[in-house]
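As structure tokens, the structure follows; a few thoughts come after it.
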Amino acid sequence: MLLRLLKSLLRGTAHGGALAADEYPVVRQERMKQAHARAPLDEHLAILYGDLRMCGERLANLVDDCIARSGTRLPPLKTLHRPLASYFLIRYYLHALGLEGARAECGVFQGTSSLILCRAARACDASHDGTGMHLVDSFDGLSAPGAADQFPVPGANGAPARETVPQNGFAGSLEAARSALRDFPGVTFHRGWIPDVFAQLPESRWSFVHVDVDLYEPTYACLDYFYPRLSRGGVIICDDYGSAVFPGASRAWNRYCDERGARYVVLDTGQSVILGP
């Protein structure tokens, strides 16, 4: 229903004293989705990424193979975004492999990002089997959104209203994620809700943590658990900092970093990154 409303608003602007349609982030996002769906994306990909390689393997092939292996459907808006975001993720992961500590991904879905990281590591070191990588997910979709996860949408007569993504959205299958990562037997899966599931993790320093949990509460809980345990030079990278429909991620990140004085950067992909002190 929300998607139909956004599409209808793309044909015009709000009336009276209400906001223009394009002033809503989700409406701008929908406009970009439609533009990308009509564009020659393969040509853009060839120009942008061409022969860019990670340890000898073409980045575009690596990302495409992992998307296919995990059975993920990539919408047009993410087609150009995904290789660059994956490139940044890989670079931080390869950096972290040289540091003390275990590695984690919180928010696994169908295992695409984890597979990309393990494949890239194996391209650099043929013996890499995923050992030390811990994958955390409920595999039942998103937890209940809260007030901090609301984003503005056009309401009645174009007046601003508030909306959230639905609870249990983006549910992935544990069996599908295991299958996608079957070539990396050293990977360990932890099924459960954040933060309770953290009790399953080893008491360890952490050199790399990918936080892709979308919502305010689990994002804050991830930072609260991993940041005090981060290795010197270790990485925490949040996938959703720049997301229009997951504003809770950036709100949690900003709050935690302000409270702890944690220094971070935001990449052009919308990923935010902390390096351990």
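Residue numbering restarts at 1 for every chain of the structure tokens, chains are lettered A, B, ... in their displayed order, and ligands are numbered from 1 as they appear.
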Would you list, as a list in words, the residues of stretch 61-185 of chain A that end up in strand (DSSP E) under DSSP run on this structure's backbone?
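Strand (DSSP E) members of stretch 61-185 of chain A, listed: Ala102, Arg103, Ala104, Glu105, Cys106, Met133, His134, Leu135, Val136, Asp137, Phe151, Pro152, Val153, Pro154, Pro160, Ala161, Arg162 and Glu163 of chain A.
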Same residues, N, CA and C atoms, saved as a compact mmCIF listing (two decimals), in the first residue's frame:
# COMPACT_ATOMS: atom_id res chain seq x y z
N ALA A 102 38.14 -12.15 16.38
CA ALA A 102 37.17 -12.82 15.55
C ALA A 102 36.42 -11.79 14.71
N ARG A 103 35.55 -12.29 13.82
CA ARG A 103 34.81 -11.42 12.91
C ARG A 103 33.33 -11.80 12.96
N ALA A 104 32.47 -10.82 12.72
CA ALA A 104 31.04 -11.08 12.83
C ALA A 104 30.26 -10.30 11.79
N GLU A 105 29.13 -10.87 11.43
CA GLU A 105 28.12 -10.13 10.67
C GLU A 105 26.80 -10.28 11.40
N CYS A 106 26.17 -9.16 11.70
CA CYS A 106 24.87 -9.15 12.36
C CYS A 106 23.84 -8.70 11.33
N MET A 133 34.65 -16.50 11.59
CA MET A 133 33.54 -15.67 11.14
C MET A 133 32.25 -16.15 11.82
N HIS A 134 31.56 -15.25 12.52
CA HIS A 134 30.34 -15.58 13.25
C HIS A 134 29.17 -14.80 12.64
N LEU A 135 28.14 -15.52 12.23
CA LEU A 135 27.00 -14.92 11.55
C LEU A 135 25.79 -14.96 12.46
N VAL A 136 25.23 -13.78 12.71
CA VAL A 136 24.16 -13.60 13.71
C VAL A 136 22.89 -13.11 13.02
N ASP A 137 21.79 -13.82 13.22
CA ASP A 137 20.52 -13.41 12.63
C ASP A 137 19.39 -14.16 13.32
N PHE A 151 9.83 7.00 9.53
CA PHE A 151 10.27 7.94 8.51
C PHE A 151 9.05 8.65 7.94
N PRO A 152 9.24 9.86 7.39
CA PRO A 152 8.09 10.64 6.90
C PRO A 152 7.56 10.12 5.58
N VAL A 153 6.25 10.07 5.47
CA VAL A 153 5.56 9.72 4.23
C VAL A 153 4.39 10.68 4.05
N PRO A 154 3.91 10.83 2.82
CA PRO A 154 2.73 11.67 2.61
C PRO A 154 1.49 11.03 3.23
N PRO A 160 2.27 15.54 6.16
CA PRO A 160 3.25 14.52 6.59
C PRO A 160 2.65 13.52 7.58
N ALA A 161 3.02 12.27 7.40
CA ALA A 161 2.67 11.21 8.34
C ALA A 161 3.94 10.42 8.62
N ARG A 162 3.84 9.44 9.51
CA ARG A 162 5.01 8.64 9.88
C ARG A 162 4.72 7.18 9.59
N GLU A 163 5.76 6.47 9.15
CA GLU A 163 5.60 5.06 8.80
C GLU A 163 6.85 4.30 9.21
Stretch 80-126 of chain A: which residues are alpha helix (DSSP H) by DSSP, as a ChimeraX atom specification?
/A:81-97,112-124
Could you take the residues named above and write them with N, CA and C atoms, as an mmCIF file, in the first residue's frame?
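As written to disk, again-v9.cif reads:
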data_model
loop_
_atom_site.group_PDB
_atom_site.id
_atom_site.type_symbol
_atom_site.label_atom_id
_atom_site.label_comp_id
_atom_site.auth_asym_id
_atom_site.auth_seq_id
_atom_site.Cartn_x
_atom_site.Cartn_y
_atom_site.Cartn_z
ATOM 1 N N HIS A 81 24.930 0.241 -6.853
ATOM 2 C CA HIS A 81 25.383 0.461 -5.480
ATOM 3 C C HIS A 81 26.112 -0.748 -4.919
ATOM 4 N N ARG A 82 25.612 -1.942 -5.223
ATOM 5 C CA ARG A 82 26.115 -3.145 -4.549
ATOM 6 C C ARG A 82 27.603 -3.407 -4.801
ATOM 7 N N PRO A 83 28.105 -3.310 -6.033
ATOM 8 C CA PRO A 83 29.543 -3.585 -6.212
ATOM 9 C C PRO A 83 30.443 -2.630 -5.433
ATOM 10 N N LEU A 84 30.095 -1.342 -5.397
ATOM 11 C CA LEU A 84 30.934 -0.391 -4.674
ATOM 12 C C LEU A 84 30.849 -0.621 -3.170
ATOM 13 N N ALA A 85 29.640 -0.841 -2.651
ATOM 14 C CA ALA A 85 29.493 -1.138 -1.231
ATOM 15 C C ALA A 85 30.235 -2.426 -0.874
ATOM 16 N N SER A 86 30.186 -3.411 -1.767
ATOM 17 C CA SER A 86 30.907 -4.668 -1.537
ATOM 18 C C SER A 86 32.413 -4.441 -1.568
ATOM 19 N N TYR A 87 32.871 -3.600 -2.476
ATOM 20 C CA TYR A 87 34.300 -3.293 -2.552
ATOM 21 C C TYR A 87 34.794 -2.699 -1.237
ATOM 22 N N PHE A 88 34.055 -1.722 -0.716
ATOM 23 C CA PHE A 88 34.444 -1.112 0.562
ATOM 24 C C PHE A 88 34.427 -2.161 1.682
ATOM 25 N N LEU A 89 33.384 -2.989 1.705
ATOM 26 C CA LEU A 89 33.263 -4.015 2.733
ATOM 27 C C LEU A 89 34.444 -4.986 2.664
ATOM 28 N N ILE A 90 34.796 -5.397 1.458
ATOM 29 C CA ILE A 90 35.917 -6.326 1.262
ATOM 30 C C ILE A 90 37.223 -5.703 1.738
ATOM 31 N N ARG A 91 37.446 -4.449 1.388
ATOM 32 C CA ARG A 91 38.714 -3.807 1.772
ATOM 33 C C ARG A 91 38.867 -3.775 3.297
ATOM 34 N N TYR A 92 37.800 -3.437 3.999
ATOM 35 C CA TYR A 92 37.865 -3.420 5.462
ATOM 36 C C TYR A 92 38.034 -4.839 6.020
ATOM 37 N N TYR A 93 37.392 -5.816 5.383
ATOM 38 C CA TYR A 93 37.503 -7.199 5.851
ATOM 39 C C TYR A 93 38.929 -7.722 5.681
ATOM 40 N N LEU A 94 39.526 -7.479 4.530
ATOM 41 C CA LEU A 94 40.895 -7.928 4.297
ATOM 42 C C LEU A 94 41.862 -7.248 5.266
ATOM 43 N N HIS A 95 41.606 -5.979 5.556
ATOM 44 C CA HIS A 95 42.402 -5.286 6.583
ATOM 45 C C HIS A 95 42.272 -5.999 7.922
ATOM 46 N N ALA A 96 41.039 -6.368 8.287
ATOM 47 C CA ALA A 96 40.792 -6.969 9.600
ATOM 48 C C ALA A 96 41.393 -8.359 9.725
ATOM 49 N N LEU A 97 41.566 -9.068 8.615
ATOM 50 C CA LEU A 97 42.140 -10.414 8.680
ATOM 51 C C LEU A 97 43.568 -10.404 9.219
ATOM 52 N N THR A 112 24.487 -13.274 1.405
ATOM 53 C CA THR A 112 25.227 -12.718 0.272
ATOM 54 C C THR A 112 26.490 -11.990 0.694
ATOM 55 N N SER A 113 26.379 -11.066 1.649
ATOM 56 C CA SER A 113 27.545 -10.280 2.052
ATOM 57 C C SER A 113 28.622 -11.169 2.660
ATOM 58 N N SER A 114 28.213 -12.111 3.497
ATOM 59 C CA SER A 114 29.189 -13.019 4.116
ATOM 60 C C SER A 114 29.894 -13.847 3.047
ATOM 61 N N LEU A 115 29.153 -14.287 2.054
ATOM 62 C CA LEU A 115 29.752 -15.067 0.982
ATOM 63 C C LEU A 115 30.737 -14.226 0.185
ATOM 64 N N ILE A 116 30.380 -12.984 -0.098
ATOM 65 C CA ILE A 116 31.289 -12.088 -0.806
ATOM 66 C C ILE A 116 32.594 -11.937 -0.032
ATOM 67 N N LEU A 117 32.497 -11.747 1.276
ATOM 68 C CA LEU A 117 33.701 -11.572 2.094
ATOM 69 C C LEU A 117 34.558 -12.832 2.100
ATOM 70 N N CYS A 118 33.930 -13.977 2.280
ATOM 71 C CA CYS A 118 34.694 -15.226 2.309
ATOM 72 C C CYS A 118 35.310 -15.539 0.951
ATOM 73 N N ARG A 119 34.576 -15.275 -0.125
ATOM 74 C CA ARG A 119 35.121 -15.509 -1.463
ATOM 75 C C ARG A 119 36.311 -14.600 -1.737
ATOM 76 N N ALA A 120 36.208 -13.339 -1.325
ATOM 77 C CA ALA A 120 37.316 -12.402 -1.533
ATOM 78 C C ALA A 120 38.534 -12.830 -0.724
ATOM 79 N N ALA A 121 38.310 -13.268 0.521
ATOM 80 C CA ALA A 121 39.423 -13.720 1.353
ATOM 81 C C ALA A 121 40.085 -14.950 0.751
ATOM 82 N N ARG A 122 39.296 -15.870 0.194
ATOM 83 C CA ARG A 122 39.862 -17.063 -0.426
ATOM 84 C C ARG A 122 40.623 -16.714 -1.704
ATOM 85 N N ALA A 123 40.189 -15.683 -2.409
ATOM 86 C CA ALA A 123 40.928 -15.264 -3.603
ATOM 87 C C ALA A 123 42.324 -14.784 -3.226
ATOM 88 N N CYS A 124 42.459 -14.246 -2.013
ATOM 89 C CA CYS A 124 43.769 -13.787 -1.525
ATOM 90 C C CYS A 124 44.545 -14.890 -0.825
#
From the list A:Arg205, A:Gly270, A:Ala180, A:Lys78, which residue is nearest A:Asp65 when using only C-alpha atoms?
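Of all the options, A:Ala180 lies closest to A:Asp65.
Of note, atom CA of A:Ser231 and atom CA of A:Pro277 are spaced 7.9 Å apart.
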Length of the atom CA of A:Ile236 to atom CA of A:Pro218 vector [Å]:
14.2 Å
Applying 10 Å and only C-alpha atoms, which residues near stretch 192-194 of chain A remain after dropping the ones on its own chain fewer than 6 positions away? List them as a list in words.
Cys106, Gly107, Val136, Asp137, Ser138, Phe139, Asp140, Gly141, Leu142, Ser143, Gln200, Val213, Glu217, Pro218, Thr219, Tyr220, Ala221 and Cys222 of chain A
Please provide as a PyMOL selection string all residues within 7 Å of stretch 73-76 of chain A, with the sequence filter that same-chain residues fewer than 6 positions apart are discarded (counting only C-alpha atoms).
chain A and resi 33+36-37
For stretch 42-44 of chain A: contacts at 10 Å, only C-alpha atoms, fewer than 6 positions along chain excluded, given as an MDAnalysis selection string
chainID A and resid 50 79:80
Selection file, N, CA and C atoms, as a PDB file, in the first residue's frame:
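Listing of result.pdb after writing:
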ATOM      1  N   GLY A  50      34.397  -2.230 -14.831  1.00  0.00           N
ATOM      2  CA  GLY A  50      35.283  -2.801 -15.826  1.00  0.00           C
ATOM      3  C   GLY A  50      36.071  -3.988 -15.323  1.00  0.00           C
ATOM      4  N   THR A  79      21.708  -2.126  -8.092  1.00  0.00           N
ATOM      5  CA  THR A  79      22.594  -2.770  -9.056  1.00  0.00           C
ATOM      6  C   THR A  79      23.933  -2.054  -9.164  1.00  0.00           C
ATOM      7  N   LEU A  80      23.917  -0.724  -9.181  1.00  0.00           N
ATOM      8  CA  LEU A  80      25.161   0.034  -9.242  1.00  0.00           C
ATOM      9  C   LEU A  80      25.766   0.215  -7.855  1.00  0.00           C
TER      10      LEU A  80
END
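Considering only C-alpha atoms, the residue among A:Arg69, A:Arg263, A:Arg58, A:Arg38 positioned nearest to A:Tyr227 is A:Arg263.
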